[in-house]
$ cat query_5.txt   # compact mmCIF, C-alpha atoms (C1' of nucleotides)
# COMPACT_ATOMS: atom_id res chain seq x y z
CA MET A 18 -40.23 5.17 -41.29
CA ASP A 19 -40.20 2.94 -38.22
CA GLU A 20 -43.30 2.48 -36.13
CA GLY A 21 -41.74 4.09 -33.07
CA ARG A 22 -41.01 7.34 -34.80
CA LYS A 23 -44.47 7.42 -36.29
CA THR A 24 -46.10 7.05 -32.89
CA TYR A 25 -43.83 9.69 -31.49
CA LEU A 26 -44.58 12.13 -34.29
CA GLU A 27 -48.26 11.61 -33.67
CA ALA A 28 -47.89 12.30 -29.96
CA LYS A 29 -45.86 15.44 -30.49
CA SER A 30 -48.04 16.82 -33.24
CA ARG A 31 -51.09 16.24 -31.06
CA VAL A 32 -49.65 18.65 -28.51
CA LEU A 33 -48.84 21.26 -31.13
CA LYS A 34 -52.27 20.89 -32.65
CA ALA A 35 -53.86 21.46 -29.27
CA LEU A 36 -52.07 24.81 -29.06
CA GLY A 37 -52.92 25.61 -32.66
CA HIS A 38 -56.12 27.48 -32.04
CA PRO A 39 -56.38 31.13 -30.98
CA THR A 40 -58.66 30.47 -28.04
CA ARG A 41 -56.59 27.58 -26.75
CA LEU A 42 -53.40 29.56 -27.13
CA LEU A 43 -54.99 32.41 -25.21
CA ILE A 44 -55.91 29.97 -22.47
CA ALA A 45 -52.38 28.58 -22.35
CA GLU A 46 -50.87 32.05 -22.17
CA GLU A 47 -53.19 33.09 -19.38
CA LEU A 48 -52.50 29.94 -17.43
CA GLY A 49 -48.85 30.87 -17.68
CA ARG A 50 -49.63 33.61 -15.19
CA GLY A 51 -51.40 31.31 -12.78
CA GLU A 52 -54.48 29.17 -12.41
CA ARG A 53 -57.80 30.37 -13.73
CA CYS A 54 -61.38 29.17 -13.58
CA VAL A 55 -63.48 28.45 -16.65
CA CYS A 56 -65.57 31.57 -16.26
CA GLU A 57 -62.51 33.77 -16.74
CA PHE A 58 -61.83 32.31 -20.16
CA VAL A 59 -65.46 32.66 -21.15
CA GLU A 60 -65.17 36.36 -20.49
CA MET A 61 -61.74 36.81 -22.08
CA ALA A 62 -62.40 34.82 -25.22
CA GLY A 63 -65.97 35.99 -25.66
CA VAL A 64 -67.33 32.54 -26.48
CA ASP A 65 -69.82 30.19 -24.93
CA TYR A 66 -69.15 28.21 -21.76
CA SER A 67 -69.63 25.02 -23.72
CA THR A 68 -67.06 26.09 -26.25
CA VAL A 69 -64.48 26.99 -23.63
CA SER A 70 -65.12 23.75 -21.81
CA ARG A 71 -64.40 21.80 -24.98
CA HIS A 72 -61.22 23.75 -25.69
CA LEU A 73 -60.05 23.04 -22.15
CA ASN A 74 -60.71 19.38 -22.71
CA VAL A 75 -58.56 19.38 -25.84
CA LEU A 76 -55.71 20.92 -23.82
CA LYS A 77 -56.24 18.40 -21.06
CA GLN A 78 -56.25 15.42 -23.42
CA ALA A 79 -53.01 16.68 -24.89
CA GLY A 80 -51.48 16.68 -21.41
CA LEU A 81 -51.07 20.44 -21.29
CA VAL A 82 -53.36 21.33 -18.41
CA GLU A 83 -54.85 19.80 -15.31
CA ASP A 84 -58.00 20.76 -13.47
CA GLU A 85 -59.20 20.82 -9.92
CA LYS A 86 -62.68 21.38 -8.68
CA ARG A 87 -63.03 23.70 -5.70
CA GLY A 88 -66.54 24.51 -4.64
CA LYS A 89 -68.69 25.32 -7.62
CA GLN A 90 -65.75 26.24 -9.77
CA VAL A 91 -63.19 24.28 -11.72
CA PHE A 92 -59.68 25.67 -11.81
CA TYR A 93 -57.19 24.89 -14.54
CA ARG A 94 -53.42 24.98 -14.36
CA LEU A 95 -50.62 24.62 -16.88
CA ARG A 96 -49.00 21.28 -16.33
CA VAL A 97 -45.86 21.86 -18.34
CA PRO A 98 -44.83 25.53 -18.28
CA CYS A 99 -42.14 25.13 -20.93
CA VAL A 100 -44.74 25.50 -23.66
CA LEU A 101 -44.65 29.22 -23.01
CA SER A 102 -41.07 29.27 -24.22
CA PHE A 103 -42.44 28.67 -27.72
CA MET A 104 -43.73 32.20 -27.90
CA GLU A 105 -40.47 33.90 -28.61
CA CYS A 106 -39.79 31.59 -31.53
CA LEU A 107 -43.32 31.98 -32.87
CA GLU A 108 -42.84 35.70 -32.86
CA GLN A 109 -39.66 35.24 -34.83
CA VAL A 110 -41.47 33.12 -37.42
CA ILE A 111 -44.12 35.76 -37.79
CA ARG A 112 -41.63 38.61 -37.95
CA THR A 113 -39.47 36.88 -40.55
CA GLY A 114 -42.55 36.10 -42.61
CA ALA A 115 -43.65 39.71 -42.51
CA GLU A 116 -40.24 40.94 -43.62
CA GLU A 117 -40.28 38.47 -46.46
CA ARG A 118 -43.61 39.77 -47.64
CA MET A 119 -42.29 43.34 -47.49
CA LYS A 120 -39.39 42.35 -49.70
CA MET A 121 -41.72 40.71 -52.17
CA ILE A 122 -43.61 43.96 -52.48
CA GLY A 123 -40.39 45.91 -52.83
CA GLN A 124 -39.35 43.82 -55.79
CA ASP A 125 -42.14 44.70 -58.18
CA GLN A 126 -44.14 41.56 -59.04
CA MET B 7 -59.56 41.33 -25.45
CA ASP B 8 -58.02 43.99 -27.66
CA GLU B 9 -57.85 43.59 -31.40
CA GLY B 10 -54.06 43.53 -31.45
CA ARG B 11 -53.79 40.58 -29.14
CA LYS B 12 -56.43 38.73 -31.08
CA THR B 13 -54.57 39.16 -34.35
CA TYR B 14 -51.36 38.11 -32.67
CA LEU B 15 -52.93 34.99 -31.18
CA GLU B 16 -54.24 34.08 -34.60
CA ALA B 17 -50.82 34.46 -36.18
CA LYS B 18 -49.08 32.44 -33.52
CA SER B 19 -51.65 29.68 -33.46
CA ARG B 20 -51.45 29.41 -37.24
CA VAL B 21 -47.77 28.50 -36.92
CA LEU B 22 -48.45 25.92 -34.22
CA LYS B 23 -51.30 24.49 -36.22
CA ALA B 24 -49.02 24.11 -39.23
CA LEU B 25 -46.71 21.96 -37.12
CA GLY B 26 -49.64 20.07 -35.66
CA HIS B 27 -49.73 17.22 -38.12
CA PRO B 28 -47.47 14.15 -38.06
CA THR B 29 -46.36 14.47 -41.67
CA ARG B 30 -45.63 18.16 -41.37
CA LEU B 31 -43.74 17.67 -38.14
CA LEU B 32 -41.70 14.95 -39.82
CA ILE B 33 -40.92 17.35 -42.63
CA ALA B 34 -39.87 20.05 -40.19
CA GLU B 35 -37.64 17.68 -38.26
CA GLU B 36 -35.97 16.44 -41.43
CA LEU B 37 -35.42 19.95 -42.67
CA GLY B 38 -33.67 20.59 -39.40
CA ARG B 39 -30.87 18.43 -40.75
CA GLY B 40 -30.67 20.25 -44.05
CA GLU B 41 -32.57 20.97 -47.22
CA ARG B 42 -34.60 18.23 -48.88
CA CYS B 43 -36.51 17.84 -52.11
CA VAL B 44 -40.18 16.90 -52.25
CA CYS B 45 -39.46 13.37 -53.45
CA GLU B 46 -37.63 12.60 -50.21
CA PHE B 47 -40.67 13.37 -48.12
CA VAL B 48 -42.88 11.33 -50.40
CA GLU B 49 -40.71 8.33 -49.68
CA MET B 50 -40.30 8.99 -45.95
CA ALA B 51 -43.92 9.73 -45.19
CA GLY B 52 -45.34 7.14 -47.53
CA VAL B 53 -48.01 9.40 -48.96
CA ASP B 54 -48.82 10.82 -52.35
CA TYR B 55 -46.82 13.56 -54.02
CA SER B 56 -49.91 15.72 -54.06
CA THR B 57 -50.38 15.26 -50.36
CA VAL B 58 -46.78 16.15 -49.55
CA SER B 59 -46.96 19.16 -51.80
CA ARG B 60 -49.98 20.45 -49.95
CA HIS B 61 -48.38 19.88 -46.58
CA LEU B 62 -45.33 21.80 -47.73
CA ASN B 63 -47.56 24.62 -48.79
CA VAL B 64 -49.14 24.78 -45.35
CA LEU B 65 -45.67 25.09 -43.82
CA LYS B 66 -44.72 27.73 -46.35
CA GLN B 67 -47.84 29.80 -45.75
CA ALA B 68 -47.12 29.69 -42.05
CA GLY B 69 -43.67 31.13 -42.73
CA LEU B 70 -41.84 28.03 -41.59
CA VAL B 71 -40.15 26.96 -44.81
CA GLU B 72 -38.94 28.41 -48.07
CA ASP B 73 -38.45 26.68 -51.39
CA GLU B 74 -36.08 26.97 -54.30
CA LYS B 75 -36.36 25.33 -57.65
CA ARG B 76 -33.17 23.85 -59.05
CA GLY B 77 -33.50 21.92 -62.25
CA LYS B 78 -36.51 19.70 -62.16
CA GLN B 79 -36.56 19.55 -58.40
CA VAL B 80 -37.82 21.86 -55.71
CA PHE B 81 -35.79 22.07 -52.52
CA TYR B 82 -37.23 23.13 -49.21
CA ARG B 83 -35.42 24.65 -46.26
CA LEU B 84 -36.38 25.54 -42.70
CA ARG B 85 -36.61 29.27 -42.47
CA VAL B 86 -36.66 29.61 -38.69
CA PRO B 87 -34.65 26.81 -37.07
CA CYS B 88 -35.78 27.66 -33.55
CA VAL B 89 -38.93 25.63 -34.06
CA LEU B 90 -36.84 22.54 -33.47
CA SER B 91 -36.25 23.70 -29.93
CA PHE B 92 -39.89 22.85 -29.23
CA MET B 93 -39.14 19.17 -29.36
CA GLU B 94 -37.61 18.87 -25.95
CA CYS B 95 -40.62 20.49 -24.34
CA LEU B 96 -43.04 18.38 -26.36
CA GLU B 97 -41.29 15.31 -25.10
CA GLN B 98 -41.71 16.57 -21.58
CA VAL B 99 -45.42 17.09 -22.09
CA ILE B 100 -45.77 13.57 -23.41
CA ARG B 101 -43.66 12.07 -20.67
CA THR B 102 -45.53 13.89 -17.90
CA GLY B 103 -48.82 12.82 -19.43
CA ALA B 104 -47.72 9.21 -19.52
CA GLU B 105 -46.63 9.29 -15.88
CA GLU B 106 -49.94 10.79 -14.91
CA ARG B 107 -51.78 7.99 -16.64
CA MET B 108 -49.62 5.45 -14.84
CA LYS B 109 -50.54 7.01 -11.50
CA MET B 110 -54.23 6.91 -12.40
CA ILE B 111 -53.93 3.20 -12.99
CA GLY B 112 -52.00 2.73 -9.75
CA GLN B 113 -54.77 4.35 -7.77
CA ASP B 114 -57.59 1.91 -8.48
CA GLN B 115 -60.36 4.18 -9.75
C1' DC C 4 -40.33 18.92 -80.84
C1' DT C 5 -41.28 14.69 -77.87
C1' DA C 6 -40.79 12.10 -74.02
C1' DT C 7 -39.67 11.85 -69.25
C1' DT C 8 -39.34 13.31 -64.58
C1' DA C 9 -40.69 16.31 -60.62
C1' DT C 10 -44.05 18.95 -58.70
C1' DT C 11 -48.42 21.45 -58.23
C1' DT C 12 -53.36 22.10 -58.82
C1' DG C 13 -58.39 20.84 -59.53
C1' DG C 14 -61.87 18.04 -58.02
C1' DT C 15 -64.07 14.74 -54.95
C1' DT C 16 -64.96 12.41 -50.71
C1' DA C 17 -64.52 11.22 -45.92
C1' DT C 18 -63.29 12.74 -41.55
C1' DT C 19 -62.62 16.02 -38.02
C1' DA C 20 -63.16 20.57 -35.80
C1' DT C 21 -65.83 24.44 -34.21
C1' DG C 22 -69.55 26.82 -32.13
C1' DC C 23 -74.04 27.28 -30.51
C1' DC C 24 -78.28 25.85 -27.92
C1' DA C 25 -80.55 23.08 -24.72
C1' DA C 26 -80.27 19.72 -21.26
C1' DA C 27 -77.69 17.27 -17.65
C1' DT C 28 -74.64 17.43 -13.47
C1' DA C 29 -72.53 19.13 -9.45
C1' DT C 30 -72.10 22.14 -5.68
C1' DA C 31 -73.41 25.65 -2.50
C1' DC C 32 -76.95 28.34 -0.16
C1' DC C 33 -81.33 29.07 2.04
C1' DG D 20 -85.82 19.89 -0.51
C1' DG D 21 -85.64 23.93 -3.75
C1' DT D 22 -83.00 27.48 -6.04
C1' DA D 23 -79.07 29.56 -8.05
C1' DT D 24 -74.47 29.21 -10.04
C1' DA D 25 -70.65 26.87 -12.60
C1' DT D 26 -69.45 23.56 -15.75
C1' DT D 27 -69.92 19.63 -18.89
C1' DT D 28 -72.26 16.91 -22.38
C1' DG D 29 -75.48 15.69 -26.34
C1' DG D 30 -76.99 17.10 -30.59
C1' DC D 31 -76.72 19.54 -34.66
C1' DA D 32 -75.17 22.60 -38.54
C1' DT D 33 -71.36 24.37 -40.85
C1' DA D 34 -66.70 24.85 -42.07
C1' DA D 35 -62.05 23.25 -42.46
C1' DT D 36 -58.71 19.23 -43.25
C1' DA D 37 -56.68 15.45 -45.43
C1' DA D 38 -56.06 12.10 -48.80
C1' DC D 39 -56.41 10.34 -53.29
C1' DC D 40 -56.69 10.39 -58.48
C1' DA D 41 -56.25 12.68 -62.69
C1' DA D 42 -54.77 16.52 -65.19
C1' DA D 43 -51.80 20.59 -65.68
C1' DT D 44 -47.18 22.73 -65.50
C1' DA D 45 -42.16 23.10 -65.63
C1' DA D 46 -37.71 21.60 -66.72
C1' DT D 47 -34.40 18.45 -68.77
C1' DA D 48 -32.83 15.01 -72.03
C1' DG D 49 -32.84 13.10 -76.45
$ encode --input "query_5.txt" --output "structure tokens"
Amino acid sequence: MDEGRKTYLEAKSRVLKALGHPTRLLIAEELGRGERCVCEFVEMAGVDYSTVSRHLNVLKQAGLVEDEKRGKQVFYRLRVPCVLSFMECLEQVIRTGAEERMKMIGQDQ
Amino acid sequence: MDEGRKTYLEAKSRVLKALGHPTRLLIAEELGRGERCVCEFVEMAGVDYSTVSRHLNVLKQAGLVEDEKRGKQVFYRLRVPCVLSFMECLEQVIRTGAEERMKMIGQDQ
DNA sequence: CTATTATTTGGTTATTATGCCAAATATACC
DNA sequence: GGTATATTTGGCATAATAACCAAATAATAG
């Protein structure tokens, strides 16, 4: 495999990995509806401020969100809205997987 | 947050997480062109058979691939091709991130 | 049945991720 | 300046990942 492809795979998988956590995916989905401050995620996700702050940093490092400080609060925004278009496909993966499991049960074994 | 959404976020993030590794993303991209046997990934990715096998299992558990044994070999296939449609968006995330970094350099700071 | 090839699994180790608490920082308000 | 609020960072404990080697399993060929 050439070096260029390797680097590219690393960059792309880094973005996917950033979205590959329930709390971070929740954050991304919420940001799809508009900007939010950190405190809103703390409430929604039910985890510590410090934890949310670190999740937001992972998303930021991956290039998915940007932040802006206004007054005492920091507001986050989705930087590349197309990531929300993944959802439909993810649902399909999950649905297909569930059907498969049903079939497995149907066939004894 | 209601229990249903939580479960759903977990399921969706599990799929993204499965794709969030360079070797597994390579595998997914290759499978986009057609079925492949394990040995092909071993060669392409330059890692151990055991490592590839475990990566394939992660993809399988996530519902992304299916396998079929034929003779001595095991062939893997993409089960839900839409995941390849992520790539364009991922590239956009990376590109936008790179531009941003260029701007940061432009502005002293 | 034995040897060979392809793949998976068990076991170990090193690295990374996650979450909390406490402390540091930044901003606004009085 | 002093206090309160919002967020980030340092430190730590625990859990999850990733890679390798060696051994187990499965299938074919001889």
$ interface_residues --input "query_5.txt" --of "chain A" --to "chain C" --cutoff "9 Å" --atoms "all atoms listed in the file" --output "JSON list (two decimals) with C-alpha atoms, keeping the file's coordinate frame"
[["chain", "number", "residue", "atom", "x", "y", "z"],
["A", 64, "VAL", "CA", -67.33, 32.54, -26.48],
["A", 65, "ASP", "CA", -69.82, 30.19, -24.93],
["A", 67, "SER", "CA", -69.63, 25.02, -23.72],
["A", 68, "THR", "CA", -67.06, 26.09, -26.25],
["A", 88, "GLY", "CA", -66.54, 24.51, -4.64],
["A", 89, "LYS", "CA", -68.69, 25.32, -7.62],
["A", 90, "GLN", "CA", -65.75, 26.24, -9.77]]
$ closest_atom_pairs --input "query_5.txt" --of "chain D" --to "chain B" --cutoff "12 Å" --atoms "all atoms listed in the file" --output "Markdown table"
| residue | atom | partner | partner_atom | distance |
| --- | --- | --- | --- | --- |
| D:DT36 | C1' | B:His27 | CA | 10.5 |
| D:DA37 | C1' | B:Thr57 | CA | 8.0 |
| D:DA38 | C1' | B:Thr57 | CA | 6.7 |
| D:DC39 | C1' | B:Asp54 | CA | 7.7 |
| D:DC40 | C1' | B:Ser56 | CA | 9.7 |
| D:DA41 | C1' | B:Ser56 | CA | 11.1 |
| D:DT44 | C1' | B:Lys78 | CA | 11.6 |
| D:DA45 | C1' | B:Lys78 | CA | 7.5 |
| D:DA46 | C1' | B:Lys78 | CA | 5.1 |
| D:DT47 | C1' | B:Lys78 | CA | 7.1 |
| D:DA48 | C1' | B:Lys78 | CA | 11.5 |
$ interface_residues --input "query_5.txt" --of "chain A" --to "chain B" --cutoff "6 Å" --atoms "all atoms listed in the file" --output "MDAnalysis selection string"
chainID A and resid 26:27 29:30 33:34 37:39 80 99 106:107 114
$ atom_distance --input "query_5.txt" --atom1 "atom CA of Met119 of chain A" --atom2 "atom CA of Glu72 of chain B"
15.3 Å
$ atom_distance --input "query_5.txt" --atom1 "atom CA of Lys109 of chain B" --atom2 "atom CA of Glu85 of chain A"
16.4 Å
$ axis_aligned_box --input "query_5.txt" --around "segment 65-69 of chain B" --padding-each-side "8 Å" --output "AutoDock Vina command-line options"
--center_x -45.8 --center_y 28.1 --center_z -44.2 --size_x 20.2 --size_y 22.0 --size_z 20.3
$ atom_distance --input "query_5.txt" --atom1 "atom CA of Val69 of chain A" --atom2 "atom CA of Glu52 of chain A"
15.2 Å
